[in-house]
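Q: My file is work18.txt. It has compact mmCIF, C-alpha atoms:
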# COMPACT_ATOMS: atom_id res chain seq x y z
CA MET K 1 81.99 112.64 -43.97
CA THR K 2 83.81 109.70 -42.35
CA THR K 3 87.56 110.36 -42.57
CA ASP K 4 88.57 107.32 -40.49
CA THR K 5 89.20 104.61 -43.14
CA PRO K 6 88.61 101.55 -40.86
CA ALA K 7 85.37 103.05 -39.56
CA ARG K 8 84.26 103.88 -43.11
CA LEU K 9 85.03 100.32 -44.26
CA LEU K 10 82.89 98.92 -41.46
CA GLN K 11 80.06 101.27 -42.41
CA LEU K 12 80.39 100.27 -46.06
CA LEU K 13 80.41 96.59 -45.16
CA SER K 14 77.31 97.01 -43.03
CA LEU K 15 75.49 98.55 -46.01
CA LEU K 16 76.64 95.83 -48.42
CA GLN K 17 75.41 93.07 -46.11
CA THR K 18 71.87 94.24 -46.79
CA PRO K 19 70.74 91.88 -49.60
CA ARG K 20 70.39 94.40 -52.45
CA GLU K 21 72.49 96.08 -55.11
CA TRP K 22 73.87 99.49 -54.12
CA PRO K 23 74.52 102.11 -56.82
CA GLY K 24 77.96 103.67 -56.45
CA GLY K 25 76.46 107.14 -56.17
CA GLU K 26 74.16 106.13 -53.33
CA LEU K 27 77.05 104.55 -51.41
CA ALA K 28 79.10 107.69 -51.91
CA ASP K 29 76.25 109.84 -50.55
CA ARG K 30 75.71 107.54 -47.57
CA LEU K 31 79.39 107.61 -46.66
CA GLY K 32 79.97 111.26 -47.53
CA VAL K 33 82.88 110.51 -49.88
CA SER K 34 83.55 110.49 -53.60
CA ARG K 35 82.76 107.61 -55.93
CA ARG K 36 86.48 107.12 -56.42
CA THR K 37 86.89 106.60 -52.66
CA VAL K 38 84.04 104.08 -52.74
CA ARG K 39 85.84 102.13 -55.49
CA ARG K 40 89.06 102.11 -53.44
CA ASP K 41 87.17 100.94 -50.35
CA ILE K 42 85.51 98.17 -52.38
CA ASP K 43 88.98 97.01 -53.47
CA ARG K 44 90.11 96.99 -49.83
CA LEU K 45 87.15 94.80 -48.85
CA ARG K 46 87.99 92.39 -51.66
CA GLU K 47 91.57 92.18 -50.40
CA LEU K 48 90.17 91.25 -46.97
CA GLY K 49 88.24 88.36 -48.52
CA TYR K 50 84.80 89.91 -48.99
CA PRO K 51 83.38 88.89 -52.40
CA VAL K 52 81.95 92.19 -53.68
CA GLU K 53 80.51 92.00 -57.19
CA ALA K 54 80.27 95.07 -59.40
CA SER K 55 77.68 95.52 -62.12
CA LYS K 56 78.24 97.51 -65.28
CA GLY K 57 76.22 100.58 -66.14
CA ALA K 58 76.10 104.33 -65.92
CA ASP K 59 75.96 104.36 -62.15
CA GLY K 60 77.70 101.05 -61.44
CA GLY K 61 76.22 98.96 -58.63
CA TYR K 62 77.81 96.78 -55.95
CA ARG K 63 76.55 93.84 -53.96
CA LEU K 64 78.00 91.23 -51.62
CA VAL K 65 77.82 87.66 -52.97
CA ALA K 66 78.65 84.21 -51.64
CA GLY K 67 82.36 83.39 -51.80
CA LYS K 68 84.63 80.41 -51.19
CA ALA K 69 85.22 81.22 -47.53
CA MET K 70 83.11 82.67 -44.74
CA PRO K 71 84.29 86.26 -44.04
CA PRO K 72 83.49 88.06 -40.77
CA LEU K 73 79.92 89.36 -40.59
CA LEU K 74 78.57 92.58 -39.12
CA LEU K 75 75.31 92.19 -37.21
CA ASP K 76 73.01 94.85 -35.82
CA ASP K 77 71.61 94.60 -32.29
CA GLU K 78 68.40 92.78 -33.25
CA GLU K 79 70.25 90.22 -35.40
CA THR K 80 72.80 89.57 -32.65
CA VAL K 81 70.11 89.00 -30.03
CA ALA K 82 68.19 86.67 -32.35
CA ILE K 83 71.25 84.53 -33.09
CA ALA K 84 72.33 84.38 -29.44
CA VAL K 85 68.85 83.35 -28.26
CA GLY K 86 68.62 80.71 -30.99
CA LEU K 87 72.00 79.23 -30.14
CA ARG K 88 71.20 79.25 -26.44
CA ALA K 89 67.89 77.47 -27.01
CA GLY K 90 69.57 74.78 -29.09
CA ALA K 91 72.55 74.36 -26.77
CA GLY K 92 70.37 73.88 -23.69
CA HIS K 93 69.11 70.54 -25.02
CA ALA K 94 71.23 67.85 -26.63
CA VAL K 95 69.15 67.79 -29.80
CA ALA K 96 70.52 65.86 -32.77
CA GLY K 97 72.21 68.26 -35.18
CA VAL K 98 73.29 70.72 -32.49
CA ASP K 99 76.85 69.69 -31.89
CA GLU K 100 80.10 71.13 -30.53
CA ALA K 101 80.39 73.61 -33.40
CA SER K 102 77.17 75.32 -32.29
CA VAL K 103 78.41 75.57 -28.72
CA ARG K 104 81.73 77.01 -29.89
CA ALA K 105 79.84 79.63 -31.91
CA LEU K 106 77.76 80.54 -28.87
CA ALA K 107 80.88 80.81 -26.71
CA LYS K 108 82.53 83.17 -29.21
CA LEU K 109 79.41 85.31 -29.54
CA GLU K 110 78.78 85.66 -25.80
CA GLN K 111 82.43 86.58 -25.24
CA VAL K 112 82.02 89.78 -27.26
CA LEU K 113 78.39 90.65 -26.48
CA PRO K 114 78.03 94.20 -25.14
CA ALA K 115 76.42 94.42 -21.70
CA ARG K 116 73.22 95.92 -23.09
CA LEU K 117 72.74 93.02 -25.53
CA ARG K 118 73.71 90.39 -22.96
CA HIS K 119 70.96 91.76 -20.71
CA ARG K 120 68.42 91.58 -23.56
CA VAL K 121 69.36 87.98 -24.38
CA THR K 122 69.13 86.91 -20.73
CA THR K 123 65.82 88.70 -20.23
CA LEU K 124 64.27 87.18 -23.35
CA GLN K 125 65.39 83.68 -22.47
CA ALA K 126 64.12 84.01 -18.89
CA ALA K 127 60.71 85.10 -20.16
CA THR K 128 60.23 82.21 -22.59
CA THR K 129 59.89 78.46 -22.21
CA PRO K 130 60.93 76.23 -25.13
CA LEU K 131 58.89 73.17 -26.05
CA THR K 132 61.55 70.74 -27.25
CA SER K 133 61.44 67.19 -28.55
CA GLY K 134 64.81 66.22 -27.08
CA ASP K 135 64.97 63.13 -24.89
CA GLY K 136 67.79 64.36 -22.67
CA ALA K 137 67.95 66.60 -19.64
CA SER K 138 68.07 70.36 -20.16
CA ILE K 139 71.23 72.22 -19.12
CA ALA K 140 72.27 75.82 -18.69
CA PRO K 141 73.83 77.22 -21.90
CA GLU K 142 76.33 79.10 -19.73
CA THR K 143 77.71 75.77 -18.54
CA LEU K 144 78.32 74.67 -22.11
CA THR K 145 79.90 77.94 -23.18
CA VAL K 146 82.33 77.98 -20.24
CA MET K 147 83.35 74.41 -21.06
CA ALA K 148 83.64 75.10 -24.79
CA SER K 149 85.85 78.11 -24.14
CA ALA K 150 88.07 76.03 -21.84
CA VAL K 151 88.35 73.31 -24.50
CA ALA K 152 89.26 75.83 -27.19
CA GLY K 153 91.69 77.74 -24.97
CA ARG K 154 93.22 74.58 -23.43
CA GLU K 155 92.52 75.86 -19.93
CA ARG K 156 92.13 73.70 -16.86
CA LEU K 157 88.57 73.54 -15.60
CA ARG K 158 87.18 73.36 -12.06
CA PHE K 159 83.59 72.30 -11.43
CA ALA K 160 81.22 70.63 -8.99
CA TYR K 161 79.96 67.22 -10.07
CA ARG K 162 76.98 65.19 -8.89
CA ALA K 163 77.39 61.43 -9.35
CA ALA K 164 74.58 59.03 -10.23
CA ASP K 165 74.07 58.17 -6.54
CA GLY K 166 73.64 61.86 -5.68
CA SER K 167 77.02 62.36 -4.01
CA GLY K 168 78.88 65.56 -4.85
CA THR K 169 82.57 66.18 -5.50
CA ARG K 170 84.81 69.01 -6.69
CA ARG K 171 86.82 68.17 -9.79
CA GLN K 172 89.77 69.65 -11.63
CA ALA K 173 90.29 68.47 -15.19
CA GLU K 174 91.90 69.17 -18.53
CA PRO K 175 88.88 69.40 -20.89
CA TYR K 176 89.38 67.65 -24.23
CA ARG K 177 86.04 67.67 -26.08
CA LEU K 178 82.31 68.19 -25.62
CA VAL K 179 80.34 65.32 -27.18
CA SER K 180 76.61 65.22 -27.90
CA THR K 181 74.91 61.84 -28.12
CA GLY K 182 71.68 63.37 -29.44
CA ARG K 183 70.14 63.01 -25.96
CA ARG K 184 72.79 64.36 -23.62
CA TRP K 185 76.00 66.40 -23.56
CA TYR K 186 79.16 64.84 -22.14
CA LEU K 187 82.57 66.33 -21.31
CA VAL K 188 85.54 64.10 -22.11
CA ALA K 189 88.47 65.26 -19.98
CA TYR K 190 91.60 64.17 -18.17
CA ASP K 191 90.74 64.12 -14.46
CA LEU K 192 93.76 65.49 -12.59
CA ASP K 193 92.59 64.16 -9.22
CA ARG K 194 92.08 60.61 -10.56
CA ASP K 195 95.06 60.85 -12.92
CA ASP K 196 93.03 59.26 -15.71
CA TRP K 197 90.60 60.02 -18.53
CA ARG K 198 86.97 60.43 -17.51
CA THR K 199 83.58 61.36 -18.98
CA PHE K 200 81.17 63.71 -17.19
CA ARG K 201 77.48 64.23 -17.91
CA VAL K 202 77.12 67.98 -18.39
CA ASP K 203 73.65 68.09 -16.83
CA ARG K 204 75.32 66.96 -13.57
CA VAL K 205 77.96 69.71 -13.71
CA SER K 206 77.60 72.97 -11.80
CA GLU K 207 79.78 76.01 -11.11
CA PRO K 208 82.22 75.43 -14.00
CA PHE K 209 85.21 77.76 -13.84
CA ALA K 210 88.10 78.11 -16.29
CA THR K 211 91.18 78.60 -14.12
CA GLY K 212 93.33 80.28 -16.77
CA ALA K 213 96.06 77.65 -16.29
CA ARG K 214 97.07 76.33 -19.73
CA PHE K 215 97.93 72.73 -20.49
CA ALA K 216 99.42 70.71 -23.34
CA PRO K 217 96.79 68.30 -24.74
CA ARG K 218 97.37 64.66 -23.84
CA GLU K 219 96.97 61.85 -26.36
CA MET K 220 93.46 60.39 -26.31
CA PRO K 221 93.80 56.60 -25.72
CA THR K 222 91.00 55.66 -28.17
CA GLY K 223 91.87 58.16 -30.90
CA SER K 224 88.64 60.15 -30.62
CA ALA K 225 86.51 61.53 -27.82
CA ALA K 226 83.34 60.03 -29.33
CA GLU K 227 84.81 56.53 -29.29
CA PHE K 228 86.08 56.97 -25.73
CA LEU K 229 82.59 58.05 -24.63
CA ARG K 230 80.97 55.09 -26.39
CA ARG K 231 83.25 52.62 -24.62
CA SER K 232 82.80 54.38 -21.30
CA ILE K 233 79.00 54.17 -21.52
CA GLN K 234 79.16 50.49 -22.46
CA ARG K 235 81.39 49.72 -19.47
CA ARG K 236 78.96 51.38 -17.07
CA GLN K 237 75.82 49.81 -18.50
CA GLU K 238 74.70 46.29 -19.28
CA THR K 239 73.96 46.67 -22.97
CA TYR K 240 72.16 44.44 -25.42
CA GLY K 241 71.98 44.36 -29.18
CA PHE K 242 68.85 44.83 -31.25
CA THR K 243 67.84 44.44 -34.87
CA VAL K 244 64.81 46.23 -36.32
CA ALA K 245 63.51 46.35 -39.90
CA PHE K 246 61.67 49.48 -41.05
CA ALA K 247 59.33 49.89 -44.00
CA GLY K 248 60.95 52.72 -45.91
CA SER K 249 64.08 53.76 -47.73
CA VAL K 250 67.38 54.43 -45.99
CA ALA K 251 66.92 58.16 -46.60
CA GLU K 252 63.34 58.24 -45.25
CA VAL K 253 64.08 56.24 -42.11
CA GLY K 254 67.43 57.96 -41.52
CA ALA K 255 65.70 61.36 -41.51
CA ARG K 256 63.32 60.23 -38.75
CA LEU K 257 65.60 57.98 -36.71
CA PRO K 258 67.59 59.50 -33.80
CA ALA K 259 71.32 59.15 -34.46
CA TRP K 260 71.92 57.31 -31.16
CA LEU K 261 69.65 54.44 -32.28
CA GLY K 262 71.91 53.55 -35.20
CA THR K 263 72.28 53.98 -38.93
CA PRO K 264 69.84 52.26 -41.29
CA VAL K 265 71.19 50.08 -44.10
CA GLU K 266 69.34 48.71 -47.10
CA GLU K 267 67.70 45.33 -46.57
CA GLU K 268 69.11 42.63 -48.83
CA GLY K 269 66.34 41.33 -51.07
CA GLY K 270 63.73 43.37 -49.24
CA ALA K 271 62.48 46.10 -51.55
CA GLY K 272 61.32 49.15 -49.66
CA TRP K 273 62.78 48.01 -46.33
CA CYS K 274 65.90 48.90 -44.38
CA VAL K 275 67.51 47.46 -41.25
CA VAL K 276 68.91 49.08 -38.12
CA ARG K 277 71.31 47.22 -35.82
CA GLY K 278 72.53 48.76 -32.60
CA ASP K 279 73.44 48.40 -28.95
CA THR K 280 71.82 50.14 -26.03
CA GLY K 281 71.56 50.03 -22.26
CA ASP K 282 68.08 51.56 -22.20
CA PRO K 283 65.18 49.51 -20.80
CA VAL K 284 63.34 47.54 -23.50
CA GLU K 285 60.12 49.42 -22.62
CA TRP K 286 61.75 52.74 -23.47
CA LEU K 287 63.28 51.38 -26.68
CA ALA K 288 59.90 50.01 -27.78
CA VAL K 289 58.26 53.41 -27.34
CA ARG K 290 61.13 55.21 -29.11
CA LEU K 291 60.94 52.85 -32.09
CA ALA K 292 57.20 53.51 -32.40
CA MET K 293 57.88 57.27 -32.37
CA VAL K 294 59.95 56.97 -35.58
CA GLY K 295 56.63 56.94 -37.43
CA CYS K 296 57.31 54.03 -39.81
CA GLU K 297 56.02 50.46 -39.91
CA PHE K 298 58.65 48.25 -38.30
CA VAL K 299 59.37 44.66 -37.28
CA VAL K 300 61.57 43.76 -34.30
CA ARG K 301 63.78 40.76 -35.04
CA GLU K 302 65.80 40.60 -31.83
CA PRO K 303 66.12 40.37 -28.89
CA ALA K 304 63.18 38.25 -27.77
CA GLU K 305 62.57 40.55 -24.78
CA LEU K 306 62.05 43.51 -27.10
CA VAL K 307 59.75 41.49 -29.37
CA ALA K 308 57.59 40.56 -26.36
CA CYS K 309 57.57 44.14 -25.09
CA VAL K 310 56.43 45.53 -28.46
CA LYS K 311 53.62 42.95 -28.62
CA GLU K 312 52.45 43.85 -25.13
CA LEU K 313 52.66 47.58 -25.84
CA GLY K 314 50.76 47.15 -29.10
CA GLY K 315 47.96 45.27 -27.36
CA ARG K 316 47.76 47.85 -24.60
CA LEU K 317 47.52 50.72 -27.07
CA SER K 318 44.89 48.87 -29.13
CA ARG K 319 42.78 48.31 -26.01
CA ALA K 320 43.19 51.96 -25.05
CA ALA K 321 42.03 53.09 -28.48
CA GLY K 322 39.04 50.74 -28.32
CA GLY K 323 37.98 51.95 -24.89
CA SER K 324 37.93 48.47 -23.35
Rewrite the structure from the file as structure tokens, please.
A:
Amino acid sequence: MTTDTPARLLQLLSLLQTPREWPGGELADRLGVSRRTVRRDIDRLRELGYPVEASKGADGGYRLVAGKAMPPLLLDDEETVAIAVGLRAGAGHAVAGVDEASVRALAKLEQVLPARLRHRVTTLQAATTPLTSGDGASIAPETLTVMASAVAGRERLRFAYRAADGSGTRRQAEPYRLVSTGRRWYLVAYDLDRDDWRTFRVDRVSEPFATGARFAPREMPTGSAAEFLRRSIQRRQETYGFTVAFAGSVAEVGARLPAWLGTPVEEEGGAGWCVVRGDTGDPVEWLAVRLAMVGCEFVVREPAELVACVKELGGRLSRAAGGS
């Protein structure tokens, strides 16, 4: 019999998180208490926000159902390892749909992982190689989790940074947000050495260390970290605009199109077609290949350089397929 009420509540919650209905008598036997105690414990869980539903009948059953808010979950060792490995695999590549929320979740989970489970997660990840479709460079999940924790805790961050020309520097910054472009992760931060806002490619960061020194968040000059990053990238690159029409609905093309390429809109007067307009600094050769990978018929309208590149690429692929 479990006389410690908090421990008994955790044990009861662990049982209820198994997707089935539990008769009151069976719960009482499992916990070594009376049915009346089970009913009181169920009421306590409800007061804590766990939506426990009771069914009528001679024995009276209980089950955990979906509620309005997400209550804390209890996970066994295998479930914890599975979630940690999955989050690590997603965080290591800036894949569309894996954003800052996923990294924050990974940071919280790894903070409380017991040593035995941390070892299992590390061992499993070291023994496997993911085959990803992301276009960006892979990065160490530990780098992201340290940065995410510093952002959440408003702690100053120290790290080594490798610039585009290969030169290395040591930086101290006040981290503001992690931003994923769908291809890469960036850290938007206030650089204390430069006394200005900066963006850092996370795949060029090494040895990140949260100093423990707290700071009051400064006001972002552009209103949002995503907008600041967009302007920063445009300043560093010579960009050009493009317009492409795709054969397909907005929903169909949007599901296949990487977010960084733009958002499709319905073509005026063109049934079954949608249009994407965007800006990029990528070489036209790369953009031509990426457009073809969307998997829909498309027509490039501008710029002329991209039109010519697509024609040349199409001819080359046709000759390759024909063996000539």
Q: If you measure from atom CA of K:Ala251 to atom CA of K:Glu297, what distance in Å do you get, rounded to one decimal?
A: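 Between atom CA of K:Ala251 and atom CA of K:Glu297 the gap is 14.9 Å.
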Q: Using all atoms listed in the file, find the one residue out of K:Leu87, K:Ala271, K:Leu257, K:Leu144 that sits nearest to K:Ala210.
A: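 Closest to K:Ala210, using all atoms listed in the file: K:Leu144.
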Q: So how many Å separate atom CA of K:Leu15 and atom CA of K:Leu74, to one decimal?
A: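 Atom CA of K:Leu74 lies 9.6 Å from atom CA of K:Leu15.
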Q: Identify which of the residues K:Thr143, K:Gln172, K:Thr280, K:Thr222 lies closest to K:Arg158, counting all atoms listed in the file when measuring atom-to-atom distances.
A: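 Using all atoms listed in the file, the shortest distance to K:Arg158 belongs to K:Gln172.
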Q: Residues within 9 Å of (93.0, 68.8, -20.2), file coordinates, counting all atoms listed in the file: what are they? Give the list as a PyMOL selection string.
A: chain K and resi 150-151+154-157+173-176+189-192+214-218
Q: Quick one: everything within 12 Å of stretch 301-306 of chain K, counting only C-alpha atoms, minus sequence neighbours fewer than 2 positions away in the same chain. Send it as a ChimeraX atom specification.
A: /K:239-246,275-280,282-291,298-299,308-313
Q: Neighbours of K:Val179 within 9 Å (all atoms listed in the file; same-chain residues fewer than 3 positions away dropped), as a VMD selection string?
A: chain K and resid 99 to 100 184 to 188 225 to 226 229
Q: Go ahead and dump the residues you just picked, C-alpha atoms, as a PDB file, in the coordinates of the input.
A:
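This went into result_6.pdb:
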ATOM      1  CA  ASP K  99      76.850  69.690 -31.890  1.00  0.00           C
ATOM      2  CA  GLU K 100      80.100  71.130 -30.530  1.00  0.00           C
ATOM      3  CA  ARG K 184      72.790  64.360 -23.620  1.00  0.00           C
ATOM      4  CA  TRP K 185      76.000  66.400 -23.560  1.00  0.00           C
ATOM      5  CA  TYR K 186      79.160  64.840 -22.140  1.00  0.00           C
ATOM      6  CA  LEU K 187      82.570  66.330 -21.310  1.00  0.00           C
ATOM      7  CA  VAL K 188      85.540  64.100 -22.110  1.00  0.00           C
ATOM      8  CA  ALA K 225      86.510  61.530 -27.820  1.00  0.00           C
ATOM      9  CA  ALA K 226      83.340  60.030 -29.330  1.00  0.00           C
ATOM     10  CA  LEU K 229      82.590  58.050 -24.630  1.00  0.00           C
TER      11      LEU K 229
END
Q: Please return stretch 33-58 of chain K, rebuilt to N, CA, C and O atoms, as a PDB file, in the frame of the given file.
A:
ATOM      1  N   VAL K  33      81.577 110.516 -49.188  1.00  0.00           N
ATOM      2  CA  VAL K  33      82.880 110.510 -49.880  1.00  0.00           C
ATOM      3  C   VAL K  33      82.620 110.506 -51.374  1.00  0.00           C
ATOM      4  O   VAL K  33      81.477 110.461 -51.846  1.00  0.00           O
ATOM      5  N   SER K  34      83.684 110.529 -52.148  1.00  0.00           N
ATOM      6  CA  SER K  34      83.550 110.490 -53.600  1.00  0.00           C
ATOM      7  C   SER K  34      83.373 109.058 -54.087  1.00  0.00           C
ATOM      8  O   SER K  34      83.652 108.097 -53.367  1.00  0.00           O
ATOM      9  N   ARG K  35      82.907 108.938 -55.349  1.00  0.00           N
ATOM     10  CA  ARG K  35      82.760 107.610 -55.930  1.00  0.00           C
ATOM     11  C   ARG K  35      84.115 106.915 -56.065  1.00  0.00           C
ATOM     12  O   ARG K  35      84.208 105.685 -55.952  1.00  0.00           O
ATOM     13  N   ARG K  36      85.142 107.692 -56.310  1.00  0.00           N
ATOM     14  CA  ARG K  36      86.480 107.120 -56.420  1.00  0.00           C
ATOM     15  C   ARG K  36      86.910 106.489 -55.088  1.00  0.00           C
ATOM     16  O   ARG K  36      87.496 105.401 -55.074  1.00  0.00           O
ATOM     17  N   THR K  37      86.573 107.151 -53.978  1.00  0.00           N
ATOM     18  CA  THR K  37      86.890 106.600 -52.660  1.00  0.00           C
ATOM     19  C   THR K  37      86.096 105.315 -52.425  1.00  0.00           C
ATOM     20  O   THR K  37      86.611 104.345 -51.850  1.00  0.00           O
ATOM     21  N   VAL K  38      84.846 105.296 -52.867  1.00  0.00           N
ATOM     22  CA  VAL K  38      84.040 104.080 -52.740  1.00  0.00           C
ATOM     23  C   VAL K  38      84.705 102.927 -53.481  1.00  0.00           C
ATOM     24  O   VAL K  38      84.804 101.805 -52.967  1.00  0.00           O
ATOM     25  N   ARG K  39      85.186 103.191 -54.709  1.00  0.00           N
ATOM     26  CA  ARG K  39      85.840 102.130 -55.490  1.00  0.00           C
ATOM     27  C   ARG K  39      87.089 101.618 -54.770  1.00  0.00           C
ATOM     28  O   ARG K  39      87.355 100.417 -54.746  1.00  0.00           O
ATOM     29  N   ARG K  40      87.865 102.525 -54.183  1.00  0.00           N
ATOM     30  CA  ARG K  40      89.060 102.110 -53.440  1.00  0.00           C
ATOM     31  C   ARG K  40      88.678 101.273 -52.217  1.00  0.00           C
ATOM     32  O   ARG K  40      89.321 100.274 -51.904  1.00  0.00           O
ATOM     33  N   ASP K  41      87.604 101.698 -51.532  1.00  0.00           N
ATOM     34  CA  ASP K  41      87.170 100.940 -50.350  1.00  0.00           C
ATOM     35  C   ASP K  41      86.653  99.553 -50.750  1.00  0.00           C
ATOM     36  O   ASP K  41      86.847  98.577 -50.016  1.00  0.00           O
ATOM     37  N   ILE K  42      85.975  99.476 -51.891  1.00  0.00           N
ATOM     38  CA  ILE K  42      85.510  98.170 -52.380  1.00  0.00           C
ATOM     39  C   ILE K  42      86.712  97.269 -52.625  1.00  0.00           C
ATOM     40  O   ILE K  42      86.703  96.074 -52.276  1.00  0.00           O
ATOM     41  N   ASP K  43      87.766  97.799 -53.226  1.00  0.00           N
ATOM     42  CA  ASP K  43      88.980  97.010 -53.470  1.00  0.00           C
ATOM     43  C   ASP K  43      89.598  96.534 -52.152  1.00  0.00           C
ATOM     44  O   ASP K  43      90.107  95.408 -52.063  1.00  0.00           O
ATOM     45  N   ARG K  44      89.562  97.384 -51.134  1.00  0.00           N
ATOM     46  CA  ARG K  44      90.110  96.990 -49.830  1.00  0.00           C
ATOM     47  C   ARG K  44      89.301  95.830 -49.234  1.00  0.00           C
ATOM     48  O   ARG K  44      89.872  94.893 -48.666  1.00  0.00           O
ATOM     49  N   LEU K  45      87.986  95.888 -49.350  1.00  0.00           N
ATOM     50  CA  LEU K  45      87.150  94.800 -48.850  1.00  0.00           C
ATOM     51  C   LEU K  45      87.446  93.496 -49.585  1.00  0.00           C
ATOM     52  O   LEU K  45      87.488  92.420 -48.975  1.00  0.00           O
ATOM     53  N   ARG K  46      87.662  93.595 -50.891  1.00  0.00           N
ATOM     54  CA  ARG K  46      87.990  92.390 -51.660  1.00  0.00           C
ATOM     55  C   ARG K  46      89.317  91.794 -51.194  1.00  0.00           C
ATOM     56  O   ARG K  46      89.472  90.572 -51.116  1.00  0.00           O
ATOM     57  N   GLU K  47      90.282  92.658 -50.888  1.00  0.00           N
ATOM     58  CA  GLU K  47      91.570  92.180 -50.400  1.00  0.00           C
ATOM     59  C   GLU K  47      91.429  91.479 -49.051  1.00  0.00           C
ATOM     60  O   GLU K  47      92.208  90.572 -48.730  1.00  0.00           O
ATOM     61  N   LEU K  48      90.420  91.872 -48.271  1.00  0.00           N
ATOM     62  CA  LEU K  48      90.170  91.250 -46.970  1.00  0.00           C
ATOM     63  C   LEU K  48      89.354  89.962 -47.087  1.00  0.00           C
ATOM     64  O   LEU K  48      89.077  89.314 -46.077  1.00  0.00           O
ATOM     65  N   GLY K  49      88.953  89.613 -48.315  1.00  0.00           N
ATOM     66  CA  GLY K  49      88.240  88.360 -48.520  1.00  0.00           C
ATOM     67  C   GLY K  49      86.746  88.492 -48.716  1.00  0.00           C
ATOM     68  O   GLY K  49      86.043  87.476 -48.828  1.00  0.00           O
ATOM     69  N   TYR K  50      86.230  89.722 -48.771  1.00  0.00           N
ATOM     70  CA  TYR K  50      84.800  89.910 -48.990  1.00  0.00           C
ATOM     71  C   TYR K  50      84.505  89.903 -50.489  1.00  0.00           C
ATOM     72  O   TYR K  50      85.036  90.745 -51.226  1.00  0.00           O
ATOM     73  N   PRO K  51      83.676  88.981 -50.973  1.00  0.00           N
ATOM     74  CA  PRO K  51      83.380  88.890 -52.400  1.00  0.00           C
ATOM     75  C   PRO K  51      82.354  89.942 -52.841  1.00  0.00           C
ATOM     76  O   PRO K  51      81.149  89.704 -52.805  1.00  0.00           O
ATOM     77  N   VAL K  52      82.829  91.105 -53.235  1.00  0.00           N
ATOM     78  CA  VAL K  52      81.950  92.190 -53.680  1.00  0.00           C
ATOM     79  C   VAL K  52      81.903  92.167 -55.196  1.00  0.00           C
ATOM     80  O   VAL K  52      82.930  92.245 -55.869  1.00  0.00           O
ATOM     81  N   GLU K  53      80.712  92.067 -55.732  1.00  0.00           N
ATOM     82  CA  GLU K  53      80.510  92.000 -57.190  1.00  0.00           C
ATOM     83  C   GLU K  53      80.054  93.361 -57.696  1.00  0.00           C
ATOM     84  O   GLU K  53      79.197  94.002 -57.091  1.00  0.00           O
ATOM     85  N   ALA K  54      80.631  93.783 -58.805  1.00  0.00           N
ATOM     86  CA  ALA K  54      80.270  95.070 -59.400  1.00  0.00           C
ATOM     87  C   ALA K  54      79.497  94.837 -60.685  1.00  0.00           C
ATOM     88  O   ALA K  54      79.831  93.942 -61.467  1.00  0.00           O
ATOM     89  N   SER K  55      78.466  95.628 -60.892  1.00  0.00           N
ATOM     90  CA  SER K  55      77.680  95.520 -62.120  1.00  0.00           C
ATOM     91  C   SER K  55      78.013  96.701 -63.027  1.00  0.00           C
ATOM     92  O   SER K  55      78.350  97.793 -62.560  1.00  0.00           O
ATOM     93  N   LYS K  56      77.937  96.463 -64.316  1.00  0.00           N
ATOM     94  CA  LYS K  56      78.240  97.510 -65.280  1.00  0.00           C
ATOM     95  C   LYS K  56      77.038  98.428 -65.479  1.00  0.00           C
ATOM     96  O   LYS K  56      75.903  98.036 -65.241  1.00  0.00           O
ATOM     97  N   GLY K  57      77.305  99.635 -65.896  1.00  0.00           N
ATOM     98  CA  GLY K  57      76.220 100.580 -66.140  1.00  0.00           C
ATOM     99  C   GLY K  57      76.668 101.984 -65.839  1.00  0.00           C
ATOM    100  O   GLY K  57      77.788 102.234 -65.388  1.00  0.00           O
ATOM    101  N   ALA K  58      75.758 102.920 -66.092  1.00  0.00           N
ATOM    102  CA  ALA K  58      76.100 104.330 -65.920  1.00  0.00           C
ATOM    103  C   ALA K  58      76.458 104.635 -64.470  1.00  0.00           C
ATOM    104  O   ALA K  58      77.403 105.375 -64.188  1.00  0.00           O
TER     105      ALA K  58
END
